[in-house]
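As stored in entry-v1.cif (mmCIF, C-alpha atoms):
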```
data_target
loop_
_atom_site.label_atom_id
_atom_site.label_comp_id
_atom_site.auth_asym_id
_atom_site.auth_seq_id
_atom_site.Cartn_x
_atom_site.Cartn_y
_atom_site.Cartn_z
CA SER A 145 -20.34 -0.47 130.00
CA ARG A 146 -23.01 2.01 130.97
CA PRO A 147 -24.25 1.90 134.56
CA ASP A 148 -27.92 1.92 133.50
CA GLU A 149 -27.45 -0.95 131.02
CA GLU A 150 -28.88 -4.25 132.14
CA PRO A 151 -26.39 -7.08 132.37
CA ARG A 152 -26.72 -9.70 129.65
CA ASP A 153 -26.32 -13.41 130.05
CA LEU A 154 -23.82 -14.50 127.36
CA ALA A 155 -24.97 -18.10 127.65
CA ASP A 156 -28.29 -17.17 126.09
CA GLU A 157 -26.63 -15.84 122.91
CA PRO A 158 -25.50 -18.19 120.09
CA VAL A 159 -21.84 -18.37 119.47
CA THR A 160 -20.62 -17.10 116.07
CA ALA A 161 -18.68 -20.27 115.39
CA GLU A 162 -21.80 -22.37 115.98
CA LYS A 163 -23.73 -20.21 113.50
CA ALA A 164 -21.04 -20.77 110.92
CA LYS A 165 -21.17 -24.48 111.58
CA LYS A 166 -24.95 -24.64 111.24
CA LYS A 167 -25.21 -22.41 108.14
CA PRO A 168 -22.12 -22.84 106.05
CA SER A 169 -21.60 -20.50 103.17
CA PRO A 170 -21.94 -22.07 99.75
CA HIS A 171 -18.44 -20.94 98.91
CA THR A 172 -16.73 -22.43 101.97
CA ALA A 173 -15.13 -25.81 102.18
CA ALA A 174 -17.89 -27.02 104.50
CA ALA A 175 -20.50 -26.66 101.78
CA PRO A 176 -21.53 -29.92 100.14
CA PRO A 177 -20.52 -30.40 96.48
CA HIS A 178 -24.11 -30.10 95.27
CA ALA A 179 -25.00 -27.01 97.32
CA LYS A 180 -26.60 -24.06 95.61
CA GLY A 181 -24.05 -21.76 94.10
CA THR A 182 -21.57 -24.50 93.24
CA SER A 183 -21.26 -26.54 90.06
CA ARG A 184 -20.61 -30.23 89.82
CA PRO A 185 -17.66 -31.27 87.69
CA ARG A 186 -18.95 -32.80 84.48
CA PRO A 187 -17.66 -36.23 83.60
CA ARG A 188 -15.69 -36.18 80.38
CA HIS A 189 -16.65 -38.65 77.71
CA HIS A 190 -14.49 -39.63 74.77
CA HIS A 191 -16.28 -38.60 71.57
CA VAL A 192 -16.35 -41.26 68.91
CA GLU A 193 -17.35 -40.51 65.31
CA ALA A 194 -19.82 -43.26 64.45
CA HIS A 195 -20.49 -42.30 60.84
CA PHE A 196 -20.90 -45.17 58.45
CA SER A 197 -18.51 -45.46 55.52
CA GLY A 198 -18.65 -47.57 52.39
CA SER A 199 -22.10 -46.35 51.34
CA GLU A 200 -21.51 -47.02 47.62
CA ALA A 201 -20.74 -50.71 48.16
CA VAL A 202 -23.70 -51.07 50.54
CA ARG A 203 -25.98 -49.39 48.00
CA ASP A 204 -24.88 -51.85 45.31
CA VAL A 205 -25.38 -54.86 47.58
CA VAL A 206 -28.81 -53.62 48.64
CA LEU A 207 -29.82 -52.98 45.04
CA GLY A 208 -28.71 -56.38 43.78
CA MET A 209 -29.86 -58.42 46.77
CA SER A 210 -33.31 -56.84 47.04
CA ASP A 211 -34.08 -57.45 43.36
CA GLY A 212 -32.51 -60.91 43.48
CA LEU A 213 -34.69 -61.97 46.39
CA THR A 214 -37.87 -60.49 44.94
CA VAL A 215 -37.90 -61.03 41.16
CA PRO A 216 -36.96 -64.75 40.95
CA PHE A 217 -39.19 -65.37 43.97
CA ALA A 218 -42.17 -63.79 42.20
CA LEU A 219 -41.32 -65.65 38.99
CA ALA A 220 -41.11 -69.04 40.71
CA ALA A 221 -44.33 -68.41 42.63
CA GLY A 222 -46.12 -67.35 39.46
CA LEU A 223 -44.95 -70.38 37.49
CA SER A 224 -45.96 -72.64 40.37
CA GLY A 225 -49.50 -71.47 39.84
CA ALA A 226 -49.39 -72.22 36.11
CA VAL A 227 -47.31 -75.38 35.62
CA ALA A 228 -46.97 -78.64 37.51
CA ASN A 229 -43.31 -79.41 36.77
CA ALA A 230 -40.67 -78.19 39.24
CA ARG A 231 -37.91 -78.72 36.66
CA VAL A 232 -39.53 -76.23 34.28
CA ILE A 233 -39.73 -73.69 37.07
CA LEU A 234 -36.08 -74.25 37.97
CA ILE A 235 -34.88 -73.85 34.36
CA ALA A 236 -36.93 -70.69 33.89
CA GLY A 237 -35.70 -69.34 37.22
CA VAL A 238 -32.04 -69.96 36.39
CA ALA A 239 -32.46 -68.34 32.99
CA GLU A 240 -34.05 -65.29 34.59
CA LEU A 241 -31.31 -65.24 37.23
CA ALA A 242 -28.58 -65.10 34.59
CA ALA A 243 -30.33 -62.49 32.49
CA GLY A 244 -31.22 -60.38 35.53
CA ALA A 245 -27.68 -60.47 36.90
CA ILE A 246 -26.23 -59.36 33.56
CA ALA A 247 -28.81 -56.59 33.18
CA MET A 248 -28.37 -55.35 36.74
CA GLY A 249 -24.58 -55.47 36.55
CA LEU A 250 -24.56 -53.66 33.22
CA GLY A 251 -26.89 -51.01 34.61
CA GLY A 252 -24.59 -50.46 37.59
CA TYR A 253 -21.57 -50.22 35.28
CA LEU A 254 -23.22 -47.65 33.01
CA ALA A 255 -24.44 -45.58 35.97
CA ALA A 256 -20.97 -45.44 37.55
CA LYS A 257 -19.34 -44.72 34.16
CA SER A 258 -21.79 -41.90 33.53
CA GLU A 259 -20.97 -40.44 36.94
CA ALA A 260 -17.24 -40.50 36.16
CA ASP A 261 -17.80 -38.92 32.73
CA THR A 262 -19.93 -36.17 34.27
CA TRP A 263 -17.24 -35.39 36.83
CA ALA A 264 -14.51 -35.21 34.15
CA SER A 265 -16.65 -32.96 31.93
CA GLU A 266 -17.53 -30.57 34.76
CA ARG A 267 -13.92 -30.38 35.91
CA LYS A 268 -12.75 -29.48 32.41
CA ARG A 269 -15.38 -26.74 32.20
CA GLU A 270 -14.46 -25.40 35.65
CA ARG A 271 -10.77 -25.32 34.72
CA GLU A 272 -11.58 -23.29 31.59
CA GLU A 273 -13.71 -20.83 33.56
CA VAL A 274 -10.94 -20.29 36.12
CA ALA A 275 -8.52 -19.49 33.28
CA GLU A 276 -10.89 -17.34 31.19
CA VAL A 277 -13.01 -15.46 33.78
CA PRO A 278 -10.98 -15.51 37.01
CA SER A 279 -12.72 -12.48 38.53
CA GLU A 280 -16.13 -14.11 38.30
CA GLU A 281 -14.79 -17.36 39.73
CA GLN A 282 -13.15 -15.47 42.59
CA GLU A 283 -16.50 -13.87 43.40
CA GLU A 284 -18.04 -17.35 43.51
CA VAL A 285 -15.38 -18.37 46.02
CA ARG A 286 -16.23 -15.32 48.13
CA LYS A 287 -19.90 -16.25 47.92
CA VAL A 288 -19.14 -19.70 49.32
CA PHE A 289 -17.11 -18.24 52.18
CA ARG A 290 -19.81 -15.66 52.94
CA GLY A 291 -22.19 -18.56 53.35
CA TRP A 292 -19.79 -19.92 55.96
CA GLY A 293 -19.95 -16.63 57.88
CA LEU A 294 -16.62 -15.09 56.81
CA GLU A 295 -16.39 -11.39 56.07
CA GLY A 296 -13.95 -8.51 55.84
CA ASP A 297 -10.23 -9.19 55.90
CA THR A 298 -10.75 -12.83 56.85
CA LEU A 299 -12.91 -13.34 53.78
CA GLU A 300 -10.31 -11.83 51.47
CA LYS A 301 -7.46 -13.86 52.99
CA ALA A 302 -9.41 -17.11 52.62
CA THR A 303 -10.31 -16.25 49.01
CA HIS A 304 -6.71 -15.42 48.18
CA ALA A 305 -5.48 -18.66 49.78
CA VAL A 306 -7.82 -20.75 47.62
CA CYS A 307 -7.24 -18.85 44.38
CA ALA A 308 -3.44 -18.76 44.73
CA ASP A 309 -3.22 -22.29 43.30
CA HIS A 310 -5.32 -23.13 40.25
CA THR A 311 -5.54 -26.85 41.00
CA ARG A 312 -6.71 -26.15 44.55
CA TRP A 313 -9.07 -23.51 43.16
CA VAL A 314 -10.67 -25.93 40.71
CA ASP A 315 -10.93 -28.63 43.39
CA PHE A 316 -12.64 -26.15 45.70
CA MET A 317 -15.19 -25.15 43.09
CA MET A 318 -15.93 -28.76 42.17
CA ARG A 319 -16.51 -29.67 45.79
CA GLU A 320 -18.20 -26.58 47.21
CA GLU A 321 -20.03 -25.09 44.23
CA LEU A 322 -21.00 -28.19 42.24
CA ASN A 323 -21.02 -30.74 45.10
CA LEU A 324 -19.04 -33.19 42.98
CA ILE A 325 -16.37 -35.53 44.35
CA GLU A 326 -13.95 -37.42 42.15
CA PRO A 327 -15.23 -41.00 41.76
CA ASP A 328 -13.02 -44.05 42.07
CA PRO A 329 -11.68 -45.02 38.59
CA LYS A 330 -12.45 -48.67 39.41
CA ARG A 331 -15.95 -47.85 40.59
CA ALA A 332 -17.74 -48.94 37.40
CA ARG A 333 -16.27 -52.47 37.34
CA ILE A 334 -16.66 -52.96 41.07
CA SER A 335 -20.28 -51.79 40.93
CA ALA A 336 -21.09 -54.16 38.05
CA PHE A 337 -19.69 -57.23 39.81
CA THR A 338 -21.17 -56.27 43.19
CA ILE A 339 -24.70 -55.74 41.88
CA GLY A 340 -24.61 -58.80 39.60
CA GLY A 341 -23.16 -61.05 42.29
CA SER A 342 -25.65 -59.84 44.88
CA TYR A 343 -28.50 -60.50 42.47
CA VAL A 344 -27.35 -64.11 41.94
CA ALA A 345 -26.88 -64.64 45.68
CA GLY A 346 -30.33 -63.33 46.44
CA GLY A 347 -32.06 -65.15 43.59
CA ALA A 348 -30.56 -68.53 44.49
CA ILE A 349 -32.52 -68.59 47.76
CA PRO A 350 -36.10 -68.83 46.35
CA LEU A 351 -34.98 -71.24 43.61
CA ALA A 352 -33.08 -73.64 45.88
CA PRO A 353 -36.17 -75.65 47.06
CA TYR A 354 -37.03 -76.51 43.45
CA VAL A 355 -33.77 -78.44 43.18
CA LEU A 356 -35.02 -80.89 45.81
CA HIS A 357 -36.99 -83.92 44.68
CA VAL A 358 -40.20 -82.92 46.44
CA PRO A 359 -43.75 -82.23 45.23
CA LEU A 360 -44.30 -78.87 43.57
CA MET A 361 -46.46 -77.38 46.32
CA THR A 362 -43.94 -78.52 48.94
CA ALA A 363 -41.18 -76.77 47.00
CA LEU A 364 -43.34 -73.65 46.76
CA THR A 365 -44.02 -73.70 50.49
CA LEU A 366 -40.32 -74.09 51.25
CA SER A 367 -39.47 -71.33 48.80
CA VAL A 368 -41.95 -68.95 50.42
CA THR A 369 -40.68 -69.79 53.91
CA VAL A 370 -36.96 -69.43 53.30
CA THR A 371 -37.37 -66.36 51.07
CA LEU A 372 -39.53 -64.45 53.52
CA ALA A 373 -37.07 -65.31 56.29
CA ALA A 374 -34.18 -64.13 54.11
CA LEU A 375 -36.07 -60.93 53.27
CA ALA A 376 -36.63 -60.27 56.98
CA VAL A 377 -32.94 -60.76 57.80
CA PHE A 378 -31.88 -58.70 54.80
CA GLY A 379 -34.27 -55.90 55.68
CA GLY A 380 -33.08 -55.81 59.29
CA VAL A 381 -29.41 -55.68 58.28
CA LYS A 382 -30.16 -53.02 55.69
CA GLY A 383 -31.98 -50.94 58.28
CA ARG A 384 -29.10 -51.21 60.74
CA LEU A 385 -26.55 -50.19 58.09
CA THR A 386 -28.59 -47.27 56.78
CA GLY A 387 -29.65 -45.96 60.19
CA ARG A 388 -33.33 -46.92 59.91
CA PRO A 389 -35.31 -48.97 62.45
CA PRO A 390 -34.34 -52.61 61.70
CA VAL A 391 -37.73 -54.08 62.62
CA GLN A 392 -39.61 -51.58 60.50
CA GLU A 393 -37.27 -52.09 57.55
CA ALA A 394 -37.52 -55.88 57.87
CA PHE A 395 -41.33 -55.72 57.87
CA ARG A 396 -41.34 -53.44 54.84
CA THR A 397 -39.00 -55.73 52.88
CA VAL A 398 -41.04 -58.83 53.72
CA LEU A 399 -44.25 -57.05 52.75
CA VAL A 400 -42.90 -56.07 49.33
CA GLY A 401 -41.71 -59.62 48.61
CA ALA A 402 -44.95 -61.18 49.79
CA LEU A 403 -47.07 -58.82 47.71
CA ALA A 404 -44.98 -59.41 44.57
CA SER A 405 -45.03 -63.20 44.84
CA GLY A 406 -48.69 -63.31 45.83
CA ALA A 407 -49.71 -61.12 42.89
CA ALA A 408 -47.63 -63.24 40.47
CA TYR A 409 -49.12 -66.49 41.76
CA ALA A 410 -52.70 -65.18 41.63
CA LEU A 411 -52.24 -63.79 38.12
CA ALA A 412 -50.75 -67.07 36.86
CA ARG A 413 -53.61 -69.07 38.34
CA LEU A 414 -56.12 -66.70 36.77
CA ILE A 415 -54.56 -66.92 33.31
CA SER A 416 -54.10 -70.69 33.39
CA ALA A 417 -57.63 -71.37 34.68
#
```
Could the structure of this file be written out as structure tokens, please?
Amino acid sequence: SRPDEEPRDLADEPVTAEKAKKKPSPHTAAAPPHAKGTSRPRPRHHHVEAHFSGSEAVRDVVLGMSDGLTVPFALAAGLSGAVANARVILIAGVAELAAGAIAMGLGGYLAAKSEADTWASERKREREEVAEVPSEEQEEVRKVFRGWGLEGDTLEKATHAVCADHTRWVDFMMREELNLIEPDPKRARISAFTIGGSYVAGGAIPLAPYVLHVPLMTALTLSVTVTLAALAVFGGVKGRLTGRPPVQEAFRTVLVGALASGAAYALARLISA
């Protein structure tokens, strides 16, 4: 050391190790896991696909049940405002239930059959186009892949892979260009029985109180009570299955049924007055 330099007291200076202990670097082992500059390990969650399947069957049940709960209910309420015999209301309700179930089931059958016929017709036309104008159909395949973001050599390889097999080519065009999927061959019969059966099941609820040996207004009150309760439950279940708010869907279903029956009852009273 220099002779003119003043002596220093080492006790007054902080030790380097103590500094390191007091201010640890974010990248050292002493740094806490949440310190700035470090990242917490993310917990891994198992991804579950929660998409709902069976939409066609649900649609048929909803269609049949909603009409079955509403139409016979409105009919019984309307007749209750015009006649004083519960047996007449019951006979008319059962007749309407049978006719409505047949009509609804037949409508479902024809709709599903028309869908199958449309698919077969479009597939035949697409097969002919692939055979007669393959260059134009290949360009349509490229157009689909360009929409997916493919280009260059990748685009050409994907196009060649699809067009190498005519069956796969036609299937691709049906699905991606026309948005058509082959329907189940049994779909028409299943749809008819599902819609018709759901209509009968729904319509039996508002008519059941008229079977009891009770005064007409008592039967009407019971019919209104059980039907509105059934509409609320049905609406809630329908909302849960279709991804809509169950309470909101239940309220909407009850409101429609109440308005229909109320209008039918008021109109019958007005006409019979």
>> Applying the PyMOL selection byres ((chain A and resi 367) around 12) to the file I just gave you, which residues come out? Please list them as a PyMOL selection string.
In response: chain A and resi 213-214+216-221+224+230+233-234+347-356+358+360-366+368-375+401-402+405
Could you name the residues that touch segment 321-331 of chain A at 10 Å or less, counting all atoms listed in the file, but leaving out those on the same chain fewer than 2 positions away, as a PDB file with C-alpha atoms, in the frame of the given file?
```pdb
ATOM      1  CA  GLU A 200     -21.510 -47.020  47.620  1.00  0.00           C
ATOM      2  CA  ALA A 201     -20.740 -50.710  48.160  1.00  0.00           C
ATOM      3  CA  GLY A 252     -24.590 -50.460  37.590  1.00  0.00           C
ATOM      4  CA  TYR A 253     -21.570 -50.220  35.280  1.00  0.00           C
ATOM      5  CA  ALA A 255     -24.440 -45.580  35.970  1.00  0.00           C
ATOM      6  CA  ALA A 256     -20.970 -45.440  37.550  1.00  0.00           C
ATOM      7  CA  LYS A 257     -19.340 -44.720  34.160  1.00  0.00           C
ATOM      8  CA  GLU A 259     -20.970 -40.440  36.940  1.00  0.00           C
ATOM      9  CA  ALA A 260     -17.240 -40.500  36.160  1.00  0.00           C
ATOM     10  CA  ASP A 261     -17.800 -38.920  32.730  1.00  0.00           C
ATOM     11  CA  THR A 262     -19.930 -36.170  34.270  1.00  0.00           C
ATOM     12  CA  TRP A 263     -17.240 -35.390  36.830  1.00  0.00           C
ATOM     13  CA  ALA A 264     -14.510 -35.210  34.150  1.00  0.00           C
ATOM     14  CA  GLU A 266     -17.530 -30.570  34.760  1.00  0.00           C
ATOM     15  CA  ARG A 267     -13.920 -30.380  35.910  1.00  0.00           C
ATOM     16  CA  GLU A 270     -14.460 -25.400  35.650  1.00  0.00           C
ATOM     17  CA  GLU A 284     -18.040 -17.350  43.510  1.00  0.00           C
ATOM     18  CA  VAL A 285     -15.380 -18.370  46.020  1.00  0.00           C
ATOM     19  CA  LYS A 287     -19.900 -16.250  47.920  1.00  0.00           C
ATOM     20  CA  VAL A 288     -19.140 -19.700  49.320  1.00  0.00           C
ATOM     21  CA  ASP A 315     -10.930 -28.630  43.390  1.00  0.00           C
ATOM     22  CA  PHE A 316     -12.640 -26.150  45.700  1.00  0.00           C
ATOM     23  CA  MET A 317     -15.190 -25.150  43.090  1.00  0.00           C
ATOM     24  CA  MET A 318     -15.930 -28.760  42.170  1.00  0.00           C
ATOM     25  CA  ARG A 319     -16.510 -29.670  45.790  1.00  0.00           C
ATOM     26  CA  ARG A 333     -16.270 -52.470  37.340  1.00  0.00           C
ATOM     27  CA  ILE A 334     -16.660 -52.960  41.070  1.00  0.00           C
ATOM     28  CA  SER A 335     -20.280 -51.790  40.930  1.00  0.00           C
ATOM     29  CA  ALA A 336     -21.090 -54.160  38.050  1.00  0.00           C
TER      30      ALA A 336
END
```
>> For the PyMOL selection byres ((chain A and resi 247) around 12), applied here, can you spell out every residue it catches as a count of residues only?
In response: 24
> Expressed in Å to a single decimal, how great is the separation between atom CA of Ala302 of chain A and atom CA of Phe289 of chain A?
Replying inline: 7.8 Å
Output as AutoDock Vina command-line options the centre and edge lengths (Å, one decimal) of the box along x, y and z of the file that holds every listed atom of segment 383-401 of chain A after adding 4 Å on each side.
```
--center_x -35.4 --center_y -52.8 --center_z 55.6 --size_x 25.7 --size_y 21.7 --size_z 22.0
```
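The interatomic distance for the pair atom CA of Ser416 of chain A and atom CA of Thr397 of chain A works out to 28.8 Å.
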>> Which residues would end up in the selection if the PyMOL selection byres ((chain A and resi 391-393) around 10) were applied here, given that I need the answer as an NGL selection string?
In response: :A and (375-384 or 386 or 388-390 or 394-399)
>> Applying 10 Å and only C-alpha atoms, which residues near Leu299 of chain A remain after dropping the ones on its own chain fewer than 2 positions away? List them as a count of residues only.
In response: 17
>> Counting all atoms listed in the file, which residues have an atom no more than 8 Å from (-14.7, -19.1, 38.3) in the file's coordinates? Please list them as a list in words.
In response: Glu270, Glu273, Val274, Ala275, Val277, Pro278, Ser279, Glu280, Glu281, Gln282, Glu283, Glu284, Val285 and Met317 of chain A
